[in-house]
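Colleague: You'll find entry.cif just under this line, and it carries mmCIF, C-alpha atoms.
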data_start
#
loop_
_atom_site.label_atom_id
_atom_site.label_comp_id
_atom_site.auth_asym_id
_atom_site.auth_seq_id
_atom_site.Cartn_x
_atom_site.Cartn_y
_atom_site.Cartn_z
CA MET O 1 20.58 -102.16 66.66
CA LEU O 2 16.91 -101.56 67.32
CA GLY O 3 16.27 -101.96 63.61
CA LEU O 4 17.94 -105.36 63.60
CA LEU O 5 15.95 -106.34 66.69
CA SER O 6 12.66 -105.10 65.23
CA PHE O 7 12.11 -108.25 63.19
CA ASP O 8 10.46 -111.27 64.82
CA GLY O 9 12.47 -113.40 67.20
CA GLU O 10 15.38 -113.09 69.58
CA ARG O 11 18.97 -112.86 68.40
CA THR O 12 22.43 -113.09 69.89
CA GLY O 13 24.97 -110.34 69.33
CA TYR O 14 26.80 -112.68 66.97
CA GLU O 15 23.61 -113.28 64.94
CA LEU O 16 23.01 -109.52 64.79
CA LYS O 17 26.58 -109.02 63.50
CA LYS O 18 26.10 -111.68 60.81
CA TRP O 19 22.85 -110.08 59.70
CA ALA O 20 24.35 -106.59 59.64
CA ASP O 21 27.29 -107.90 57.59
CA SER O 22 24.95 -109.55 55.10
CA SER O 23 22.51 -106.68 54.72
CA LEU O 24 23.22 -103.29 56.31
CA ARG O 25 26.79 -103.04 55.05
CA PHE O 26 25.54 -102.70 51.49
CA PHE O 27 23.90 -99.34 52.14
CA TYR O 28 24.90 -98.07 55.58
CA TRP O 29 27.65 -99.70 57.66
CA SER O 30 28.12 -102.77 59.73
CA PRO O 31 29.16 -102.19 63.34
CA ALA O 32 32.00 -104.06 64.99
CA ILE O 33 31.00 -106.83 67.36
CA SER O 34 32.25 -104.73 70.31
CA GLN O 35 29.96 -101.89 69.21
CA ILE O 36 27.03 -104.28 68.97
CA TYR O 37 27.40 -105.56 72.53
CA ALA O 38 27.97 -102.05 73.92
CA GLU O 39 24.87 -100.78 72.13
CA LEU O 40 22.78 -103.75 73.28
CA ARG O 41 23.73 -103.02 76.90
CA ARG O 42 22.87 -99.34 76.38
CA LEU O 43 19.49 -100.23 74.84
CA GLU O 44 18.74 -102.54 77.76
CA GLY O 45 19.56 -99.71 80.15
CA LEU O 46 17.08 -97.47 78.30
CA GLY O 47 14.40 -100.16 78.45
CA TYR O 48 14.40 -100.55 74.63
CA ALA O 49 15.71 -104.12 74.62
CA THR O 50 15.65 -107.12 76.90
CA SER O 51 17.92 -110.13 77.08
CA ARG O 52 17.84 -113.60 78.49
CA ARG O 53 20.50 -116.23 78.94
CA SER O 54 20.11 -119.58 77.25
CA GLY O 55 19.27 -122.62 79.28
CA PRO O 56 21.45 -125.52 80.39
CA ASP O 57 20.47 -127.57 77.32
CA GLU O 58 22.79 -125.49 75.10
CA PRO O 59 26.50 -126.36 75.06
CA ARG O 60 27.51 -122.69 75.40
CA THR O 61 25.63 -120.06 77.31
CA LYS O 62 24.26 -117.39 74.97
CA ARG O 63 22.45 -114.15 75.60
CA ARG O 64 19.53 -113.49 73.26
CA TYR O 65 18.14 -110.01 72.77
CA ALA O 66 14.71 -108.76 71.77
CA ILE O 67 13.14 -105.36 71.30
CA THR O 68 10.65 -104.13 73.92
CA PRO O 69 7.40 -102.32 73.15
CA ALA O 70 9.10 -99.06 74.23
CA GLY O 71 11.99 -99.81 71.89
CA ARG O 72 9.63 -100.56 69.01
CA GLU O 73 7.78 -97.30 69.68
CA ALA O 74 11.01 -95.27 69.77
CA LEU O 75 12.25 -96.94 66.58
CA ALA O 76 8.93 -96.39 64.77
CA GLU O 77 8.99 -92.72 65.79
CA TRP O 78 12.55 -92.37 64.45
CA ALA O 79 11.82 -94.30 61.22
CA ASP O 80 8.69 -92.26 60.54
CA GLY O 81 10.20 -89.00 61.78
CA SER O 82 11.91 -86.00 60.30
CA ASP O 83 13.96 -85.75 57.12
CA PRO O 84 17.05 -87.96 57.50
CA GLY O 85 19.20 -85.50 55.55
CA PRO O 86 21.52 -86.18 52.65
CA PRO O 87 23.62 -89.33 52.42
CA VAL O 88 27.23 -89.02 53.53
CA LEU O 89 29.73 -90.24 51.00
CA LYS O 90 33.33 -91.14 51.79
CA HIS O 91 34.92 -92.52 48.66
CA PRO O 92 38.63 -93.25 49.08
CA THR O 93 39.18 -93.92 45.37
CA VAL O 94 37.59 -90.63 44.33
CA LEU O 95 39.64 -88.81 46.97
CA ARG O 96 42.81 -90.28 45.44
CA ILE O 97 41.69 -89.16 41.98
CA TRP O 98 40.99 -85.69 43.38
CA LEU O 99 44.62 -85.65 44.49
CA GLY O 100 45.70 -87.05 41.13
CA HIS O 101 47.96 -84.11 40.41
CA LEU O 102 50.31 -85.66 42.99
CA ALA O 103 50.13 -89.21 41.62
CA ASP O 104 51.42 -91.27 38.74
CA PRO O 105 48.66 -91.48 36.07
CA ALA O 106 49.19 -95.22 35.59
CA ARG O 107 48.83 -95.77 39.35
CA LEU O 108 45.56 -93.82 39.36
CA ARG O 109 44.18 -96.10 36.65
CA GLU O 110 45.29 -99.15 38.66
CA ARG O 111 43.39 -97.79 41.67
CA VAL O 112 40.21 -97.38 39.61
CA HIS O 113 40.55 -100.91 38.23
CA ALA O 114 41.08 -102.28 41.75
CA HIS O 115 38.00 -100.35 42.88
CA MET O 116 36.00 -101.89 40.04
CA GLU O 117 37.12 -105.38 41.06
CA ARG O 118 36.05 -104.73 44.68
CA THR O 119 32.74 -103.38 43.40
CA ARG O 120 32.15 -106.52 41.31
CA ASP O 121 32.81 -108.62 44.42
CA GLU O 122 30.43 -106.45 46.45
CA LEU O 123 27.78 -106.78 43.72
CA ALA O 124 28.10 -110.56 43.90
CA ASP O 125 27.73 -110.40 47.69
CA VAL O 126 24.62 -108.22 47.38
CA ARG O 127 23.09 -110.66 44.95
CA GLU O 128 23.80 -113.57 47.32
CA ALA O 129 22.21 -111.68 50.20
CA LEU O 130 19.21 -110.83 48.05
CA ALA O 131 18.77 -114.48 47.08
CA ARG O 132 18.79 -115.50 50.76
CA THR O 133 15.89 -113.13 51.49
CA GLU O 134 13.56 -114.19 48.67
CA ASP O 135 11.46 -116.62 50.66
CA VAL O 136 11.78 -115.02 54.08
CA GLU O 137 8.42 -113.80 55.29
CA GLY O 138 8.50 -110.31 56.75
CA TRP O 139 11.63 -109.22 54.87
CA ALA O 140 9.94 -107.34 52.02
CA HIS O 141 11.49 -104.01 53.04
CA PRO O 142 15.01 -105.39 53.51
CA ARG O 143 14.65 -106.85 49.98
CA VAL O 144 13.80 -103.38 48.65
CA ALA O 145 16.94 -102.01 50.33
CA LEU O 146 19.07 -104.83 48.92
CA ARG O 147 17.68 -104.27 45.42
CA TRP O 148 18.67 -100.61 45.79
CA SER O 149 22.14 -101.79 46.85
CA GLU O 150 22.38 -103.99 43.77
CA ARG O 151 21.51 -101.05 41.51
CA ALA O 152 23.96 -98.81 43.41
CA GLN O 153 26.82 -101.26 42.81
CA GLN O 154 25.91 -101.47 39.12
CA ALA O 155 25.91 -97.67 38.94
CA GLU O 156 29.26 -97.57 40.76
CA LEU O 157 30.75 -99.73 38.01
CA GLU O 158 29.40 -97.35 35.37
CA LEU O 159 30.82 -94.35 37.24
CA ALA O 160 34.23 -96.02 37.46
CA ARG O 161 34.20 -96.74 33.72
CA ALA O 162 33.36 -93.09 33.08
CA MET O 163 36.19 -92.06 35.43
CA LEU O 164 38.63 -94.12 33.37
CA THR O 165 37.41 -92.30 30.24
CA ASP O 166 37.87 -88.96 31.99
CA LEU O 167 41.40 -89.96 33.02
CA ASP O 168 42.16 -90.95 29.41
CA GLU O 169 41.19 -87.46 28.29
CA LEU O 170 43.76 -85.98 30.71
CA GLU O 171 46.63 -87.92 29.15
CA PRO O 172 48.88 -85.83 26.87
#
For the file at hand, write its structure as structure tokens.
Modeller:
Amino acid sequence: MLGLLSFDGERTGYELKKWADSSLRFFYWSPAISQIYAELRRLEGLGYATSRRSGPDEPRTKRRYAITPAGREALAEWADGSDPGPPVLKHPTVLRIWLGHLADPARLRERVHAHMERTRDELADVREALARTEDVEGWAHPRVALRWSERAQQAELELARAMLTDLDELEP
């Protein structure tokens, strides 16, 4: 949450959710809206974020959040800190292939094809998100992360094609 707040301006929880869904989800995860509001309250309690309610000129009252200097300092220390460790991978399709000895071979292939279709959709979403950041000042680093995400989705398609070849070699 602090990372999302670290860019200029104030944002509502809903705006933070939209941004997480259109950027973070491609390489980390996107929190549920309930998690966002719980975390924002926690960060306020720690003095890392502040909020203010919108004025009477808006049709609906909104609470906008911003990072505090203490929050920016804590985030910078974390971002510049120790080794983050290896990435954690949870790949449901690969897990199903791993258990392939219990499955119908044709069904396994269908799962890989369905995974490839989802990956193509995700690749299109990444490219849309990347296009939306092109002219946004101050988003150079998010663009780098989105370019990585684009390459990761392309690599995922290649890995799935190779998996299909490997499955072909298992057929009698």
Colleague: Excluding region 125-142 of chain O and its own-chain neighbours fewer than 2 positions away, which residues fall within 12 Å of it when counting all atoms listed in the file? Please give them as a VMD selection string.
Modeller: chain O and resid 3 to 4 6 to 9 18 to 27 118 to 123 144 to 154
Colleague: So the first atom is CA of Leu159 (chain O) and the second is CA of Ala32 (chain O); what is the distance between them in Å, to one decimal place?
Modeller: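 Between these atoms lies a distance of 29.4 Å.
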Colleague: Could you name the residues that touch Gly100 (chain O) at 12 Å or less, counting all atoms listed in the file, but leaving out those on the same chain fewer than 6 positions away, as number ranges by chain?
Modeller: O: 93-94, 106-109, 111-112, 167, 170
Colleague: When the PyMOL selection byres ((chain O and resi 14) around 10) is applied to the structure above, which residues does it catch, written out as a list of chain:residue names?
Modeller: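 Checked against the file, the PyMOL selection byres ((chain O and resi 14) around 10) matches O:Arg11, O:Thr12, O:Gly13, O:Glu15, O:Leu16, O:Lys17, O:Lys18, O:Trp19, O:Ala20, O:Ile33, O:Ile36, O:Tyr37, O:Lys62, O:Arg63, O:Arg64.
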Colleague: Counting all atoms listed in the file, which of O:Leu99, O:Met1, O:Tyr28, O:Glu10 gets nearest to Leu40 (chain O)?
Modeller: O:Met1
Colleague: Take CA of Pro59 (chain O) and CA of Arg42 (chain O) and report the distance between them in Å, one decimal.
Modeller: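 Distance between the two atoms: 27.3 Å.
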Colleague: Please determine, counting only C-alpha atoms, which residue among O:Pro84, O:Gly45, O:Pro172, O:Gly55 has the shortest atom-to-atom distance to Pro105 (chain O).
Modeller: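 That would be O:Pro172, the residue with the smallest distance to Pro105 (chain O).
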Colleague: Which residues, written as a list of chain:residue names, have at least one atom at most 8 Å from Ala49 (chain O), with all atoms listed in the file counted and residues fewer than 5 positions away on the same chain left out?
Modeller: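 Those residues are O:Leu2, O:Leu40, O:Leu43, O:Glu44, O:Tyr65, O:Ala66, O:Ile67, O:Thr68, O:Gly71.
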Colleague: How far is it from CA of Arg41 (chain O) to CA of Lys90 (chain O), in Å with one decimal?
Modeller: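 Between CA of Arg41 (chain O) and CA of Lys90 (chain O) the gap is 29.4 Å.
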Colleague: Starting from the incomplete input, reconstruct all heavy atoms of region 43-54 of chain O and write that as a PDB file, keeping the file's coordinate frame.
Modeller:
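Result written to rebuild_13.pdb:
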ATOM      1  N   LEU O  43      20.927-100.126  75.132  1.00  0.00           N
ATOM      2  CA  LEU O  43      19.490-100.230  74.840  1.00  0.00           C
ATOM      3  C   LEU O  43      18.739-100.924  75.974  1.00  0.00           C
ATOM      4  O   LEU O  43      17.606-100.551  76.285  1.00  0.00           O
ATOM      5  CB  LEU O  43      19.281-100.972  73.515  1.00  0.00           C
ATOM      6  CG  LEU O  43      19.747-100.223  72.266  1.00  0.00           C
ATOM      7  CD1 LEU O  43      19.679-101.127  71.032  1.00  0.00           C
ATOM      8  CD2 LEU O  43      18.933 -98.959  72.056  1.00  0.00           C
ATOM      9  N   GLU O  44      19.372-101.912  76.579  1.00  0.00           N
ATOM     10  CA  GLU O  44      18.740-102.540  77.760  1.00  0.00           C
ATOM     11  C   GLU O  44      18.588-101.536  78.885  1.00  0.00           C
ATOM     12  O   GLU O  44      17.547-101.482  79.537  1.00  0.00           O
ATOM     13  CB  GLU O  44      19.592-103.724  78.245  1.00  0.00           C
ATOM     14  CG  GLU O  44      19.263-105.014  77.556  1.00  0.00           C
ATOM     15  CD  GLU O  44      19.864-106.192  78.288  1.00  0.00           C
ATOM     16  OE1 GLU O  44      21.104-106.346  78.250  1.00  0.00           O
ATOM     17  OE2 GLU O  44      19.086-106.968  78.901  1.00  0.00           O
ATOM     18  N   GLY O  45      19.618-100.724  79.100  1.00  0.00           N
ATOM     19  CA  GLY O  45      19.560 -99.710  80.150  1.00  0.00           C
ATOM     20  C   GLY O  45      18.452 -98.697  79.916  1.00  0.00           C
ATOM     21  O   GLY O  45      17.860 -98.182  80.869  1.00  0.00           O
ATOM     22  N   LEU O  46      18.154 -98.415  78.642  1.00  0.00           N
ATOM     23  CA  LEU O  46      17.080 -97.470  78.300  1.00  0.00           C
ATOM     24  C   LEU O  46      15.701 -98.126  78.330  1.00  0.00           C
ATOM     25  O   LEU O  46      14.686 -97.448  78.196  1.00  0.00           O
ATOM     26  CB  LEU O  46      17.324 -96.886  76.910  1.00  0.00           C
ATOM     27  CG  LEU O  46      18.528 -95.963  76.753  1.00  0.00           C
ATOM     28  CD1 LEU O  46      18.775 -95.650  75.274  1.00  0.00           C
ATOM     29  CD2 LEU O  46      18.289 -94.683  77.544  1.00  0.00           C
ATOM     30  N   GLY O  47      15.677 -99.446  78.459  1.00  0.00           N
ATOM     31  CA  GLY O  47      14.400-100.160  78.450  1.00  0.00           C
ATOM     32  C   GLY O  47      13.901-100.447  77.036  1.00  0.00           C
ATOM     33  O   GLY O  47      12.736-100.810  76.856  1.00  0.00           O
ATOM     34  N   TYR O  48      14.783-100.320  76.030  1.00  0.00           N
ATOM     35  CA  TYR O  48      14.400-100.550  74.630  1.00  0.00           C
ATOM     36  C   TYR O  48      14.647-101.984  74.178  1.00  0.00           C
ATOM     37  O   TYR O  48      14.179-102.401  73.124  1.00  0.00           O
ATOM     38  CB  TYR O  48      15.137 -99.608  73.708  1.00  0.00           C
ATOM     39  CG  TYR O  48      14.735 -98.155  73.828  1.00  0.00           C
ATOM     40  CD1 TYR O  48      15.517 -97.158  73.258  1.00  0.00           C
ATOM     41  CD2 TYR O  48      13.578 -97.754  74.494  1.00  0.00           C
ATOM     42  CE1 TYR O  48      15.156 -95.817  73.349  1.00  0.00           C
ATOM     43  CE2 TYR O  48      13.222 -96.428  74.595  1.00  0.00           C
ATOM     44  CZ  TYR O  48      14.011 -95.461  74.017  1.00  0.00           C
ATOM     45  OH  TYR O  48      13.663 -94.143  74.109  1.00  0.00           O
ATOM     46  N   ALA O  49      15.409-102.729  74.953  1.00  0.00           N
ATOM     47  CA  ALA O  49      15.710-104.120  74.620  1.00  0.00           C
ATOM     48  C   ALA O  49      15.762-104.920  75.906  1.00  0.00           C
ATOM     49  O   ALA O  49      15.995-104.377  76.992  1.00  0.00           O
ATOM     50  CB  ALA O  49      17.048-104.222  73.880  1.00  0.00           C
ATOM     51  N   THR O  50      15.516-106.199  75.781  1.00  0.00           N
ATOM     52  CA  THR O  50      15.650-107.120  76.900  1.00  0.00           C
ATOM     53  C   THR O  50      16.577-108.247  76.449  1.00  0.00           C
ATOM     54  O   THR O  50      16.789-108.457  75.255  1.00  0.00           O
ATOM     55  CB  THR O  50      14.300-107.739  77.315  1.00  0.00           C
ATOM     56  OG1 THR O  50      13.756-108.450  76.207  1.00  0.00           O
ATOM     57  CG2 THR O  50      13.332-106.688  77.782  1.00  0.00           C
ATOM     58  N   SER O  51      17.098-108.972  77.419  1.00  0.00           N
ATOM     59  CA  SER O  51      17.920-110.130  77.080  1.00  0.00           C
ATOM     60  C   SER O  51      17.618-111.250  78.060  1.00  0.00           C
ATOM     61  O   SER O  51      17.107-111.019  79.158  1.00  0.00           O
ATOM     62  CB  SER O  51      19.408-109.771  77.128  1.00  0.00           C
ATOM     63  OG  SER O  51      19.837-109.542  78.443  1.00  0.00           O
ATOM     64  N   ARG O  52      17.953-112.439  77.612  1.00  0.00           N
ATOM     65  CA  ARG O  52      17.840-113.600  78.490  1.00  0.00           C
ATOM     66  C   ARG O  52      18.963-114.559  78.135  1.00  0.00           C
ATOM     67  O   ARG O  52      19.397-114.624  76.985  1.00  0.00           O
ATOM     68  CB  ARG O  52      16.480-114.278  78.371  1.00  0.00           C
ATOM     69  CG  ARG O  52      16.221-114.930  77.050  1.00  0.00           C
ATOM     70  CD  ARG O  52      14.898-115.713  77.040  1.00  0.00           C
ATOM     71  NE  ARG O  52      14.731-116.350  75.746  1.00  0.00           N
ATOM     72  CZ  ARG O  52      15.272-117.510  75.400  1.00  0.00           C
ATOM     73  NH1 ARG O  52      16.002-118.187  76.261  1.00  0.00           N
ATOM     74  NH2 ARG O  52      15.087-118.016  74.201  1.00  0.00           N
ATOM     75  N   ARG O  53      19.429-115.244  79.148  1.00  0.00           N
ATOM     76  CA  ARG O  53      20.500-116.230  78.940  1.00  0.00           C
ATOM     77  C   ARG O  53      19.879-117.548  78.519  1.00  0.00           C
ATOM     78  O   ARG O  53      18.780-117.900  78.948  1.00  0.00           O
ATOM     79  CB  ARG O  53      21.304-116.401  80.219  1.00  0.00           C
ATOM     80  CG  ARG O  53      22.072-115.140  80.588  1.00  0.00           C
ATOM     81  CD  ARG O  53      22.799-115.313  81.903  1.00  0.00           C
ATOM     82  NE  ARG O  53      23.841-116.306  81.825  1.00  0.00           N
ATOM     83  CZ  ARG O  53      25.129-116.024  81.625  1.00  0.00           C
ATOM     84  NH1 ARG O  53      25.508-114.782  81.513  1.00  0.00           N
ATOM     85  NH2 ARG O  53      26.032-116.980  81.561  1.00  0.00           N
ATOM     86  N   SER O  54      20.610-118.280  77.691  1.00  0.00           N
ATOM     87  CA  SER O  54      20.110-119.580  77.250  1.00  0.00           C
ATOM     88  C   SER O  54      20.124-120.562  78.415  1.00  0.00           C
ATOM     89  O   SER O  54      20.824-120.360  79.413  1.00  0.00           O
ATOM     90  CB  SER O  54      20.970-120.102  76.101  1.00  0.00           C
ATOM     91  OG  SER O  54      22.303-120.246  76.514  1.00  0.00           O
TER      92      SER O  54
END
